[in-house]
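The data block below is start.cif; it holds mmCIF, C-alpha atoms and all ligand atoms.
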data_start
#
loop_
_atom_site.label_atom_id
_atom_site.label_comp_id
_atom_site.auth_asym_id
_atom_site.auth_seq_id
_atom_site.Cartn_x
_atom_site.Cartn_y
_atom_site.Cartn_z
CA HIS A 1 0.00 0.00 0.00
CA ARG A 2 1.96 2.95 -1.26
CA ARG A 3 1.03 6.39 0.07
CA SER A 4 2.03 9.94 -0.90
CA VAL A 5 3.29 11.44 2.35
CA VAL A 6 3.79 15.19 2.93
CA VAL A 7 7.41 15.62 4.00
CA GLY A 8 7.76 19.40 3.54
CA CYS A 9 5.71 22.55 3.09
CA GLY A 10 6.72 26.10 2.18
CA ALA A 11 5.38 29.40 0.91
CA TYR A 12 6.41 32.73 -0.50
CA LEU A 13 4.58 36.04 -0.55
CA PRO A 14 5.77 39.19 -2.37
CA ASP A 15 6.95 41.96 -0.01
CA THR A 16 4.46 44.55 -1.27
CA VAL A 17 1.31 44.58 0.87
CA VAL A 18 -1.72 46.52 -0.38
CA THR A 19 -4.48 47.14 2.16
CA ASN A 20 -8.12 47.83 1.36
CA THR A 21 -7.59 51.45 2.35
CA ASP A 22 -4.62 51.65 -0.05
CA LEU A 23 -6.96 50.56 -2.88
CA ALA A 24 -9.51 53.21 -1.94
CA GLU A 25 -6.77 55.84 -1.78
CA ARG A 26 -5.59 54.81 -5.27
CA GLY A 27 -8.95 55.85 -6.71
CA ILE A 28 -10.93 52.59 -6.62
CA GLU A 29 -14.43 53.43 -5.44
CA THR A 30 -14.50 51.06 -2.49
CA SER A 31 -13.94 50.95 1.26
CA ASP A 32 -12.28 48.74 3.85
CA GLU A 33 -15.69 48.25 5.44
CA TRP A 34 -17.34 47.00 2.20
CA ILE A 35 -14.53 44.58 1.37
CA VAL A 36 -14.18 43.19 4.91
CA GLN A 37 -17.90 42.74 5.37
CA ARG A 38 -18.48 40.95 2.02
CA THR A 39 -15.26 38.92 1.80
CA GLY A 40 -13.19 39.02 5.01
CA ILE A 41 -10.22 40.34 2.99
CA ARG A 42 -8.13 43.07 4.68
CA GLN A 43 -4.98 43.07 2.56
CA ARG A 44 -3.23 41.22 -0.27
CA HIS A 45 0.36 40.86 -1.50
CA ILE A 46 1.16 42.12 -5.01
CA ALA A 47 4.17 40.94 -7.04
CA ARG A 48 6.73 43.36 -8.50
CA PRO A 49 7.18 43.20 -12.30
CA ASP A 50 10.27 40.97 -11.95
CA GLU A 51 8.44 38.58 -9.60
CA THR A 52 6.87 36.25 -12.15
CA THR A 53 4.87 33.17 -11.21
CA SER A 54 7.94 30.93 -11.63
CA VAL A 55 9.97 33.21 -9.36
CA LEU A 56 7.32 32.99 -6.61
CA GLY A 57 6.93 29.25 -7.17
CA THR A 58 10.67 28.62 -6.98
CA ARG A 59 10.91 30.44 -3.65
CA ALA A 60 8.02 28.44 -2.19
CA ALA A 61 9.58 25.22 -3.53
CA LEU A 62 12.92 26.01 -1.88
CA ALA A 63 11.15 26.60 1.45
CA ALA A 64 9.33 23.26 1.13
CA LEU A 65 12.56 21.42 0.25
CA ASP A 66 14.27 23.06 3.20
CA GLU A 67 11.58 21.85 5.60
CA ALA A 68 11.81 18.37 4.07
CA GLY A 69 15.59 18.34 4.46
CA LEU A 70 15.88 17.43 0.78
CA SER A 71 17.84 18.86 -2.11
CA PRO A 72 16.40 19.63 -5.58
CA ALA A 73 18.13 16.53 -7.01
CA ASP A 74 15.87 14.36 -4.81
CA ILE A 75 12.79 15.49 -6.80
CA ASP A 76 11.69 13.58 -9.91
CA LEU A 77 8.29 15.23 -10.52
CA VAL A 78 7.33 18.92 -10.46
CA ILE A 79 3.71 19.94 -10.95
CA CYS A 80 2.85 23.63 -10.93
CA ALA A 81 -0.81 24.53 -10.59
CA THR A 82 -1.27 27.96 -12.14
CA SER A 83 -3.51 30.01 -14.41
CA THR A 84 -0.98 32.82 -14.63
CA PRO A 85 2.05 31.16 -16.28
CA ASP A 86 5.14 33.24 -17.14
CA HIS A 87 4.59 32.31 -20.81
CA THR A 88 2.04 30.37 -22.86
CA PHE A 89 4.85 27.82 -23.13
CA PRO A 90 7.15 26.38 -21.90
CA SER A 91 5.38 25.51 -18.70
CA THR A 92 6.06 27.38 -15.48
CA ALA A 93 6.85 23.99 -13.90
CA THR A 94 9.82 23.49 -16.24
CA GLN A 95 11.02 26.99 -15.39
CA ILE A 96 10.85 26.13 -11.68
CA GLN A 97 12.61 22.83 -12.40
CA ALA A 98 15.44 24.71 -14.16
CA ALA A 99 15.65 27.42 -11.49
CA LEU A 100 16.06 24.72 -8.85
CA GLY A 101 18.76 23.01 -10.92
CA ILE A 102 16.80 19.76 -11.32
CA GLU A 103 18.08 17.88 -14.36
CA GLY A 104 16.11 14.64 -14.10
CA GLY A 105 12.49 13.57 -13.89
CA PHE A 106 9.63 15.52 -15.46
CA ALA A 107 7.63 18.69 -14.89
CA PHE A 108 4.33 20.06 -16.13
CA ASP A 109 1.71 22.71 -15.40
CA LEU A 110 -1.81 21.92 -14.34
CA GLN A 111 -4.57 24.43 -15.03
CA ALA A 112 -7.75 24.13 -13.00
CA VAL A 113 -7.84 27.77 -11.83
CA CYS A 114 -8.54 28.01 -8.08
CA ALA A 115 -8.96 24.22 -7.83
CA GLY A 116 -5.51 23.72 -9.38
CA PHE A 117 -3.68 22.76 -6.20
CA VAL A 118 -6.23 20.07 -5.27
CA TYR A 119 -6.05 18.71 -8.83
CA ALA A 120 -2.23 18.77 -8.65
CA VAL A 121 -2.13 16.87 -5.33
CA ALA A 122 -4.52 14.24 -6.72
CA THR A 123 -2.41 13.93 -9.89
CA ALA A 124 0.93 13.70 -8.06
CA ASP A 125 -0.61 11.09 -5.76
CA ARG A 126 -1.44 8.91 -8.78
CA PHE A 127 2.16 9.05 -10.07
CA LEU A 128 3.63 8.36 -6.63
CA THR A 129 1.36 5.48 -5.67
CA THR A 130 1.77 3.72 -9.04
CA GLY A 131 5.56 4.01 -9.11
CA GLY A 132 5.72 6.71 -11.80
CA ALA A 133 7.71 8.99 -9.50
CA ARG A 134 9.31 8.86 -6.03
CA ARG A 135 9.24 12.46 -4.80
CA ALA A 136 7.00 15.20 -6.13
CA LEU A 137 7.13 18.93 -5.67
CA VAL A 138 3.56 20.19 -5.90
CA VAL A 139 3.46 23.96 -6.32
CA GLY A 140 0.56 26.41 -6.47
CA ALA A 141 1.82 29.76 -7.77
CA GLU A 142 -0.10 32.73 -9.11
CA THR A 143 0.20 36.38 -10.10
CA PHE A 144 -3.49 37.19 -10.51
CA SER A 145 -2.74 40.91 -10.16
CA ARG A 146 -1.70 40.71 -13.85
CA LEU A 147 -5.14 39.45 -14.91
CA LEU A 148 -7.16 42.04 -13.05
CA ASP A 149 -9.15 44.87 -14.55
CA TRP A 150 -8.23 47.59 -12.06
CA GLU A 151 -11.22 49.61 -13.33
CA ASP A 152 -13.62 46.88 -12.12
CA ARG A 153 -14.13 47.22 -8.38
CA THR A 154 -16.28 44.09 -8.23
CA THR A 155 -13.23 41.90 -9.01
CA CYS A 156 -9.97 43.79 -8.48
CA VAL A 157 -10.35 44.00 -4.69
CA LEU A 158 -10.61 40.21 -4.31
CA PHE A 159 -7.28 38.81 -5.50
CA GLY A 160 -3.62 38.71 -4.53
CA ASP A 161 -0.31 37.08 -5.55
CA GLY A 162 1.74 34.35 -3.88
CA ALA A 163 2.93 30.76 -3.97
CA GLY A 164 2.99 27.67 -1.80
CA ALA A 165 4.42 24.18 -2.21
CA ILE A 166 4.51 20.76 -0.64
CA VAL A 167 6.86 17.83 -1.15
CA LEU A 168 5.14 14.44 -1.43
CA GLU A 169 7.17 11.25 -1.01
CA ALA A 170 6.10 7.68 -1.86
CA ARG A 171 6.20 5.51 1.28
CA GLU A 172 4.79 2.15 2.21
CA GLY A 173 1.79 2.16 4.56
CA ASP A 174 -0.53 -0.51 5.92
CA GLY A 175 -3.48 0.68 3.82
CA THR A 176 -5.64 1.94 6.70
CA ASN A 177 -6.82 5.50 7.25
CA ALA A 178 -4.30 5.79 10.10
CA ASP A 179 -1.53 5.87 7.45
CA ARG A 180 0.20 9.15 6.79
CA GLY A 181 -0.33 10.52 3.30
CA VAL A 182 -3.08 11.31 0.81
CA LEU A 183 -5.95 9.03 1.85
CA SER A 184 -8.43 9.98 -0.87
CA SER A 185 -9.27 12.64 -3.41
CA CYS A 186 -12.24 13.50 -5.59
CA LEU A 187 -12.26 15.86 -8.59
CA ARG A 188 -15.14 17.31 -10.64
CA SER A 189 -15.67 19.84 -13.40
CA ASP A 190 -18.56 21.21 -15.43
CA GLY A 191 -17.60 23.42 -18.36
CA ARG A 192 -21.11 24.72 -18.88
CA HIS A 193 -20.39 27.37 -16.23
CA ARG A 194 -17.70 29.10 -18.28
CA ALA A 195 -19.38 32.51 -18.47
CA LYS A 196 -19.54 32.91 -14.67
CA LEU A 197 -15.77 33.13 -14.23
CA TYR A 198 -13.30 33.45 -17.09
CA VAL A 199 -10.52 35.49 -18.66
CA ASP A 200 -11.58 37.38 -21.79
CA GLY A 201 -8.36 36.82 -23.73
CA GLY A 202 -5.85 34.20 -24.84
CA PRO A 203 -4.11 33.05 -28.03
CA GLY A 204 -7.34 31.57 -29.42
CA SER A 205 -9.49 34.64 -28.90
CA THR A 206 -8.14 38.17 -28.66
CA GLY A 207 -4.46 37.30 -28.83
CA THR A 208 -3.93 39.32 -25.66
CA THR A 209 -3.67 38.03 -22.10
CA GLY A 210 -7.13 39.33 -21.23
CA LYS A 211 -8.76 40.25 -17.95
CA LEU A 212 -10.65 38.29 -15.33
CA ARG A 213 -14.45 38.52 -15.55
CA MET A 214 -16.78 37.19 -12.90
CA GLU A 215 -20.44 37.02 -11.98
CA GLY A 216 -19.75 37.16 -8.26
CA ARG A 217 -23.22 36.19 -7.06
CA GLU A 218 -23.38 33.15 -9.34
CA VAL A 219 -19.95 31.98 -8.20
CA PHE A 220 -20.96 32.46 -4.58
CA ARG A 221 -24.15 30.47 -5.05
CA PHE A 222 -22.37 27.58 -6.76
CA ALA A 223 -19.48 27.55 -4.29
CA VAL A 224 -21.75 27.23 -1.28
CA GLY A 225 -24.41 25.07 -2.89
CA SER A 226 -22.62 22.48 -4.95
CA VAL A 227 -19.12 21.65 -3.82
CA THR A 228 -19.95 19.56 -0.80
CA ASP A 229 -20.26 16.49 -3.09
CA VAL A 230 -16.48 16.13 -3.47
CA ILE A 231 -15.91 16.53 0.26
CA GLU A 232 -18.48 13.89 1.12
CA GLU A 233 -16.95 11.57 -1.49
CA ALA A 234 -13.43 12.08 -0.09
CA PHE A 235 -14.68 11.20 3.41
CA ARG A 236 -16.59 8.18 2.12
CA ALA A 237 -13.65 6.84 0.07
CA SER A 238 -11.34 6.92 3.10
CA GLY A 239 -13.84 5.73 5.70
CA THR A 240 -13.54 8.93 7.74
CA THR A 241 -16.03 11.60 8.79
CA ALA A 242 -16.03 15.31 9.60
CA ASP A 243 -15.56 14.35 13.27
CA ASP A 244 -12.15 12.83 12.43
CA LEU A 245 -10.91 16.07 10.88
CA ALA A 246 -8.28 18.09 12.65
CA TRP A 247 -8.20 20.91 10.08
CA PHE A 248 -10.31 22.09 7.15
CA VAL A 249 -8.12 24.07 4.73
CA PRO A 250 -10.35 25.32 1.91
CA HIS A 251 -9.47 27.54 -1.02
CA GLN A 252 -9.37 31.07 0.36
CA ALA A 253 -11.74 33.09 -1.82
CA ASN A 254 -14.16 34.55 0.62
CA ARG A 255 -14.75 34.19 4.33
CA ARG A 256 -18.51 33.88 3.94
CA ILE A 257 -18.20 31.04 1.38
CA ILE A 258 -15.75 29.19 3.64
CA GLU A 259 -17.86 29.50 6.79
CA ALA A 260 -21.10 28.59 5.01
CA SER A 261 -19.43 25.46 3.56
CA ALA A 262 -17.99 24.43 6.92
CA ASP A 263 -21.36 24.88 8.62
CA LYS A 264 -23.11 22.84 5.92
CA LEU A 265 -20.62 19.99 6.37
CA GLY A 266 -20.79 20.04 10.17
CA ILE A 267 -17.15 21.11 10.50
CA ALA A 268 -16.56 23.17 13.65
CA ARG A 269 -15.46 26.76 12.98
CA GLU A 270 -12.33 26.33 15.12
CA LYS A 271 -11.07 23.63 12.71
CA VAL A 272 -11.21 26.04 9.75
CA VAL A 273 -7.91 27.61 8.65
CA LEU A 274 -8.49 31.16 7.37
CA THR A 275 -5.87 33.29 5.64
CA VAL A 276 -8.08 35.18 3.20
CA ASP A 277 -7.89 38.22 5.50
CA ARG A 278 -4.13 38.54 4.90
CA HIS A 279 -3.66 37.01 1.42
CA GLY A 280 -6.89 37.71 -0.48
CA ASN A 281 -7.75 35.13 -3.14
CA THR A 282 -4.48 33.77 -4.55
CA SER A 283 -6.20 31.11 -6.68
CA ALA A 284 -4.14 27.90 -6.89
CA ALA A 285 -1.67 29.24 -4.31
CA SER A 286 -4.20 29.81 -1.56
CA ILE A 287 -4.33 26.28 -0.12
CA PRO A 288 -0.57 25.66 0.13
CA LEU A 289 -0.18 29.19 1.56
CA ALA A 290 -2.79 28.36 4.21
CA LEU A 291 -1.25 24.94 4.91
CA ASP A 292 2.12 26.61 5.41
CA ALA A 293 0.67 29.23 7.76
CA ALA A 294 -1.06 26.57 9.88
CA ARG A 295 2.07 24.38 9.91
CA ARG A 296 4.33 27.19 11.03
CA ASP A 297 2.06 28.47 13.79
CA GLY A 298 1.89 24.93 15.20
CA ARG A 299 -1.71 24.08 14.33
CA ILE A 300 -1.15 21.30 11.76
CA ARG A 301 0.95 18.49 13.27
CA GLU A 302 2.10 15.09 12.12
CA GLY A 303 -0.82 12.65 12.20
CA ASP A 304 -3.51 15.31 11.83
CA LEU A 305 -6.29 14.63 9.33
CA VAL A 306 -6.51 17.61 6.96
CA MET A 307 -9.17 18.25 4.31
CA ILE A 308 -8.26 20.52 1.39
CA GLU A 309 -11.05 21.69 -0.89
CA ALA A 310 -11.45 24.22 -3.70
CA ILE A 311 -13.66 25.47 -6.50
CA GLY A 312 -12.48 27.49 -9.47
CA GLY A 313 -13.33 28.71 -12.95
CA GLY A 314 -14.83 26.20 -15.36
CA PHE A 315 -16.24 25.29 -12.94
CA THR A 316 -13.63 22.91 -11.54
CA TRP A 317 -13.78 21.61 -7.99
CA GLY A 318 -12.24 18.97 -5.80
CA ALA A 319 -11.23 17.78 -2.36
CA ALA A 320 -8.43 15.68 -0.90
CA LEU A 321 -7.95 14.16 2.54
CA ILE A 322 -4.42 14.10 3.84
CA ARG A 323 -3.11 12.44 7.02
CA TRP A 324 -0.27 14.91 7.67
N1 LIG B 401 -16.59 48.28 -3.17
C1 LIG B 401 -17.76 48.91 -2.90
N2 LIG B 401 -18.91 48.57 -3.49
C2 LIG B 401 -18.90 47.56 -4.37
C3 LIG B 401 -17.72 46.88 -4.70
C4 LIG B 401 -16.53 47.28 -4.07
N3 LIG B 401 -15.35 46.69 -4.30
N4 LIG B 401 -18.01 45.93 -5.60
C5 LIG B 401 -19.33 46.01 -5.82
N5 LIG B 401 -19.87 47.00 -5.09
C6 LIG B 401 -21.26 47.40 -5.04
C7 LIG B 401 -22.03 46.98 -6.25
O1 LIG B 401 -21.86 47.92 -7.31
C8 LIG B 401 -23.44 46.98 -5.75
O2 LIG B 401 -23.93 48.27 -5.69
P1 LIG B 401 -25.48 48.59 -6.07
O3 LIG B 401 -26.28 47.83 -5.05
O4 LIG B 401 -25.54 50.06 -5.96
O5 LIG B 401 -25.65 48.06 -7.47
C9 LIG B 401 -23.27 46.49 -4.31
O6 LIG B 401 -21.90 46.74 -3.98
C10 LIG B 401 -23.57 45.03 -4.12
O7 LIG B 401 -22.92 44.29 -5.16
P2 LIG B 401 -23.10 42.75 -5.31
O8 LIG B 401 -22.25 42.29 -6.45
O9 LIG B 401 -24.51 42.39 -5.27
O10 LIG B 401 -22.41 42.29 -3.94
P3 LIG B 401 -22.37 40.87 -3.31
O11 LIG B 401 -22.99 40.92 -1.98
O12 LIG B 401 -22.81 39.82 -4.25
O13 LIG B 401 -20.81 40.70 -3.06
C11 LIG B 401 -18.92 39.57 -3.96
C12 LIG B 401 -19.92 40.68 -4.16
C13 LIG B 401 -18.07 39.87 -2.75
C14 LIG B 401 -18.03 39.48 -5.20
C15 LIG B 401 -19.69 38.26 -3.75
O14 LIG B 401 -20.61 38.06 -4.76
C16 LIG B 401 -18.78 37.11 -3.68
O15 LIG B 401 -18.04 36.94 -2.75
N6 LIG B 401 -18.83 36.21 -4.68
C17 LIG B 401 -17.95 35.10 -4.74
C18 LIG B 401 -16.92 35.45 -5.68
C19 LIG B 401 -15.62 34.86 -5.33
O16 LIG B 401 -15.23 34.67 -4.21
N7 LIG B 401 -14.90 34.64 -6.36
C20 LIG B 401 -13.61 34.19 -6.18
C21 LIG B 401 -13.10 33.76 -7.45
S1 LIG B 401 -13.68 32.22 -7.76
C22 LIG B 401 -13.01 31.27 -6.73
O17 LIG B 401 -11.98 31.54 -6.20
C23 LIG B 401 -13.68 30.09 -6.56
#
The structure given in the file should be rewritten as structure tokens.
Ligand code: ACO
Amino acid sequence: HRRSVVVGCGAYLPDTVVTNTDLAERGIETSDEWIVQRTGIRQRHIARPDETTSVLGTRAALAALDEAGLSPADIDLVICATSTPDHTFPSTATQIQAALGIEGGFAFDLQAVCAGFVYAVATADRFLTTGGARRALVVGAETFSRLLDWEDRTTCVLFGDGAGAIVLEAREGDGTNADRGVLSSCLRSDGRHRAKLYVDGGPGSTGTTGKLRMEGREVFRFAVGSVTDVIEEAFRASGTTADDLAWFVPHQANRRIIEASADKLGIAREKVVLTVDRHGNTSAASIPLALDAARRDGRIREGDLVMIEAIGGGFTWGAALIRW
């Protein structure tokens, strides 16, 4: 019974912090009160022009390797979940691979917008448990500030930049849910929802990068109403329940979505890790950033059962249960 065990976790946030009040002072018709009340967001980090997604991802990866006590040469798979790659191609993952000096193995990007990190964990788990790789670096890295329409107050106040990473290692377990590692995962998508959250550009349309467009209310409704299916399936597949959870680490889009989902699932509020107040919505980076925060402040410990869950554009959604 091979398992994918988390052996390291790291994160990187750009130095520049922009508060809600800063946004209002820069001419966006908004207020700290409006943003906090609707979303829970108080500030976000914004990357400098030279801080591309691969630069953020490489820093997070180095922090994760450091915690694991491993060197880059120990890694034979790099997956980068991102919707804001440095270039259309080559992949950001190969750029991270090169920046780390990894010469072996393979690397690729995975695009499932805000659900990207959950998709990437599930994908890495398949390679590790079937012998396709031994140690995987799973990175979520984003620079959403570059996709924002700064004239659109309904979206530009919601997002931030950052990166997080974990190292997964294939180890033998006894096949029970007491094993460390990824116990189960469940992924879903439904492309009919495209118009509710998308970027209005790309090589196949305008030829420009484009800007993020969102029907906020529709996304809110779907996020709270429909994503519990993957969580319930992840519990069922591993023979665990919400009572067994130590920590619920959802995608950090909006405090109200997170709390409504936790309540619906019967997950106690004190088990919910929240970083949206400090990071805003960093898309595929938000879960590894939150995992890192809860690791470093001593909340997540070895043996804890952790549920990660996200929904993103598409829609895409998914959940994974990890015995840390
Ligand atoms: N500052 C001040 N006022 C604003 C702002 C702003 N930044 N943005 C909108 N408003 C105004 C609107 O113009 C509107 O004014 P009106 O009543 O005069 O027309 C009023 O506030 C209410 O606007 P709504 O859009 O109805 O506000 P709502 O309560 O729906 O909140 C929000 C908007 C926060 C976007 C909410 O819909 C939401 O959280 N949706 C989920 C979206 C989300 O989290 N997406 C994340 C990306 S997807 C993902 O990560 C899964």
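Considering only C-alpha atoms and all ligand atoms, the residue among A:Ser91, A:Ser286, A:Thr58, A:Thr275 positioned nearest to ligand LIG 401 (chain B) is A:Ser286.
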When you look at stretch 28-40 of chain A with a cut-off of 9 Å (counting only C-alpha atoms), what residues show up, excluding the ones that are within fewer than 3 positions of it in the same chain? I need them as number ranges by chain. A: 19-21, 23-25, 150-153, 157-158, 253-257, 276-277, 280
Using all atoms listed in the file for the distances, tell me which of A:Arg26, A:Arg135, A:Arg42, A:Arg221 is nearest to ligand LIG 401 (chain B).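 Among A:Arg26, A:Arg135, A:Arg42, A:Arg221, it is A:Arg221 that comes nearest to ligand LIG 401 (chain B).
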Nearest to A:Cys156, chosen from A:Leu291, A:Gly104, A:Leu62, A:Val18, with all atoms listed in the file counted in the distances: A:Val18
Between A:Arg323, A:His279, A:His251, A:Arg296, which one has atoms that come closest to A:Ala115, using all atoms listed in the file?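 Nearest to A:Ala115: A:His251.
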Can you work out which one of A:Ile41, A:Val230, A:Leu56, A:Ala262 has the shortest atom-to-atom distance to ligand LIG 401 (chain B), counting all atoms listed in the file?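 Ranking A:Ile41, A:Val230, A:Leu56, A:Ala262 by distance to ligand LIG 401 (chain B), first place goes to A:Ile41.
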Please return, as a PyMOL selection string, all polymer residues that have at least one atom within 9 Å of the point (-22.7, 28.1, 0.3); use all atoms listed in the file and the file's own coordinate frame. chain A and resi 220-227+256-262+264
Include C-alpha atoms and write out the residues we just selected as a CSV table (one decimal), in the frame of the given file.
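Saved to result00.csv:
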chain,number,residue,atom,x,y,z
A,220,PHE,CA,-21.0,32.5,-4.6
A,221,ARG,CA,-24.2,30.5,-5.0
A,222,PHE,CA,-22.4,27.6,-6.8
A,223,ALA,CA,-19.5,27.6,-4.3
A,224,VAL,CA,-21.8,27.2,-1.3
A,225,GLY,CA,-24.4,25.1,-2.9
A,226,SER,CA,-22.6,22.5,-5.0
A,227,VAL,CA,-19.1,21.6,-3.8
A,256,ARG,CA,-18.5,33.9,3.9
A,257,ILE,CA,-18.2,31.0,1.4
A,258,ILE,CA,-15.8,29.2,3.6
A,259,GLU,CA,-17.9,29.5,6.8
A,260,ALA,CA,-21.1,28.6,5.0
A,261,SER,CA,-19.4,25.5,3.6
A,262,ALA,CA,-18.0,24.4,6.9
A,264,LYS,CA,-23.1,22.8,5.9
Option closest in space to ligand LIG 401 (chain B), from A:Asp200, A:Asp50, A:Glu215, A:Asp292 [counting all atoms listed in the file]: A:Glu215
Identify the residues within 9 Å of coordinate (-5.0, 25.1, -16.1) (same frame as the file), considering all atoms listed in the file, and give the answer as number ranges by chain. A: 81-84, 109-113, 116
Take the residues from that selection and put them in a file with C-alpha atoms, as an mmCIF file, in the coordinates of the input.
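So result_35.cif came out as:
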data_model
loop_
_atom_site.group_PDB
_atom_site.id
_atom_site.type_symbol
_atom_site.label_atom_id
_atom_site.label_comp_id
_atom_site.auth_asym_id
_atom_site.auth_seq_id
_atom_site.Cartn_x
_atom_site.Cartn_y
_atom_site.Cartn_z
ATOM 1 C CA ALA A 81 -0.810 24.530 -10.590
ATOM 2 C CA THR A 82 -1.270 27.960 -12.140
ATOM 3 C CA SER A 83 -3.510 30.010 -14.410
ATOM 4 C CA THR A 84 -0.980 32.820 -14.630
ATOM 5 C CA ASP A 109 1.710 22.710 -15.400
ATOM 6 C CA LEU A 110 -1.810 21.920 -14.340
ATOM 7 C CA GLN A 111 -4.570 24.430 -15.030
ATOM 8 C CA ALA A 112 -7.750 24.130 -13.000
ATOM 9 C CA VAL A 113 -7.840 27.770 -11.830
ATOM 10 C CA GLY A 116 -5.510 23.720 -9.380
#
Taking 6 positions as the minimum chain separation for residues in the same chain, which residues sit within 8 Å of stretch 172-176 of chain A when counting only C-alpha atoms? Answer as a list in words.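 Answer for this query is His1, Arg2 and Arg3 of chain A.
Computed from the coordinates, the atom C1 of ligand LIG 401 (chain B) to atom CA of A:Ile311 distance equals 24.1 Å.
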Write out as a PDB file with C-alpha atoms, in the frame of the given file which residues come within 10 Å of stretch 178-188 of chain A when counting all atoms listed in the file, dropping same-chain ones fewer than 3 positions away.
ATOM      1  CA  HIS A   1       0.000   0.000   0.000  1.00  0.00           C
ATOM      2  CA  ARG A   2       1.960   2.950  -1.260  1.00  0.00           C
ATOM      3  CA  ARG A   3       1.030   6.390   0.070  1.00  0.00           C
ATOM      4  CA  SER A   4       2.030   9.940  -0.900  1.00  0.00           C
ATOM      5  CA  VAL A   5       3.290  11.440   2.350  1.00  0.00           C
ATOM      6  CA  VAL A   6       3.790  15.190   2.930  1.00  0.00           C
ATOM      7  CA  VAL A   7       7.410  15.620   4.000  1.00  0.00           C
ATOM      8  CA  ALA A 115      -8.960  24.220  -7.830  1.00  0.00           C
ATOM      9  CA  VAL A 118      -6.230  20.070  -5.270  1.00  0.00           C
ATOM     10  CA  TYR A 119      -6.050  18.710  -8.830  1.00  0.00           C
ATOM     11  CA  VAL A 121      -2.130  16.870  -5.330  1.00  0.00           C
ATOM     12  CA  ALA A 122      -4.520  14.240  -6.720  1.00  0.00           C
ATOM     13  CA  THR A 123      -2.410  13.930  -9.890  1.00  0.00           C
ATOM     14  CA  ASP A 125      -0.610  11.090  -5.760  1.00  0.00           C
ATOM     15  CA  THR A 129       1.360   5.480  -5.670  1.00  0.00           C
ATOM     16  CA  LEU A 168       5.140  14.440  -1.430  1.00  0.00           C
ATOM     17  CA  GLU A 169       7.170  11.250  -1.010  1.00  0.00           C
ATOM     18  CA  ALA A 170       6.100   7.680  -1.860  1.00  0.00           C
ATOM     19  CA  ARG A 171       6.200   5.510   1.280  1.00  0.00           C
ATOM     20  CA  GLU A 172       4.790   2.150   2.210  1.00  0.00           C
ATOM     21  CA  GLY A 173       1.790   2.160   4.560  1.00  0.00           C
ATOM     22  CA  ASP A 174      -0.530  -0.510   5.920  1.00  0.00           C
ATOM     23  CA  GLY A 175      -3.480   0.680   3.820  1.00  0.00           C
ATOM     24  CA  VAL A 227     -19.120  21.650  -3.820  1.00  0.00           C
ATOM     25  CA  ASP A 229     -20.260  16.490  -3.090  1.00  0.00           C
ATOM     26  CA  VAL A 230     -16.480  16.130  -3.470  1.00  0.00           C
ATOM     27  CA  ILE A 231     -15.910  16.530   0.260  1.00  0.00           C
ATOM     28  CA  GLU A 232     -18.480  13.890   1.120  1.00  0.00           C
ATOM     29  CA  GLU A 233     -16.950  11.570  -1.490  1.00  0.00           C
ATOM     30  CA  ALA A 234     -13.430  12.080  -0.090  1.00  0.00           C
ATOM     31  CA  PHE A 235     -14.680  11.200   3.410  1.00  0.00           C
ATOM     32  CA  ARG A 236     -16.590   8.180   2.120  1.00  0.00           C
ATOM     33  CA  ALA A 237     -13.650   6.840   0.070  1.00  0.00           C
ATOM     34  CA  SER A 238     -11.340   6.920   3.100  1.00  0.00           C
ATOM     35  CA  GLY A 239     -13.840   5.730   5.700  1.00  0.00           C
ATOM     36  CA  THR A 240     -13.540   8.930   7.740  1.00  0.00           C
ATOM     37  CA  GLU A 302       2.100  15.090  12.120  1.00  0.00           C
ATOM     38  CA  GLY A 303      -0.820  12.650  12.200  1.00  0.00           C
ATOM     39  CA  ASP A 304      -3.510  15.310  11.830  1.00  0.00           C
ATOM     40  CA  LEU A 305      -6.290  14.630   9.330  1.00  0.00           C
ATOM     41  CA  VAL A 306      -6.510  17.610   6.960  1.00  0.00           C
ATOM     42  CA  MET A 307      -9.170  18.250   4.310  1.00  0.00           C
ATOM     43  CA  ILE A 308      -8.260  20.520   1.390  1.00  0.00           C
ATOM     44  CA  GLU A 309     -11.050  21.690  -0.890  1.00  0.00           C
ATOM     45  CA  ALA A 310     -11.450  24.220  -3.700  1.00  0.00           C
ATOM     46  CA  ILE A 311     -13.660  25.470  -6.500  1.00  0.00           C
ATOM     47  CA  PHE A 315     -16.240  25.290 -12.940  1.00  0.00           C
ATOM     48  CA  THR A 316     -13.630  22.910 -11.540  1.00  0.00           C
ATOM     49  CA  TRP A 317     -13.780  21.610  -7.990  1.00  0.00           C
ATOM     50  CA  GLY A 318     -12.240  18.970  -5.800  1.00  0.00           C
ATOM     51  CA  ALA A 319     -11.230  17.780  -2.360  1.00  0.00           C
ATOM     52  CA  ALA A 320      -8.430  15.680  -0.900  1.00  0.00           C
ATOM     53  CA  LEU A 321      -7.950  14.160   2.540  1.00  0.00           C
ATOM     54  CA  ILE A 322      -4.420  14.100   3.840  1.00  0.00           C
ATOM     55  CA  ARG A 323      -3.110  12.440   7.020  1.00  0.00           C
ATOM     56  CA  TRP A 324      -0.270  14.910   7.670  1.00  0.00           C
TER      57      TRP A 324
END
For atom CA of A:Leu65 and atom CA of A:His87, quote the distance in Å rounded to one decimal. 25.0 Å
Just need the box for stretch 40-49 of chain A, edges along x, y and z, holding every atom the file lists for it with 3 Å tacked onto each side, so centre and edge lengths in Å to one decimal, as lines of an AutoDock Vina configuration file.
center_x = -3.0
center_y = 41.2
center_z = -3.6
size_x = 26.4
size_y = 10.3
size_z = 23.3
Record the distance separating atom CA of A:Arg48 and atom CA of A:Ala165, expressed in Å with one decimal.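 Between atom CA of A:Arg48 and atom CA of A:Ala165 the gap is 20.3 Å.
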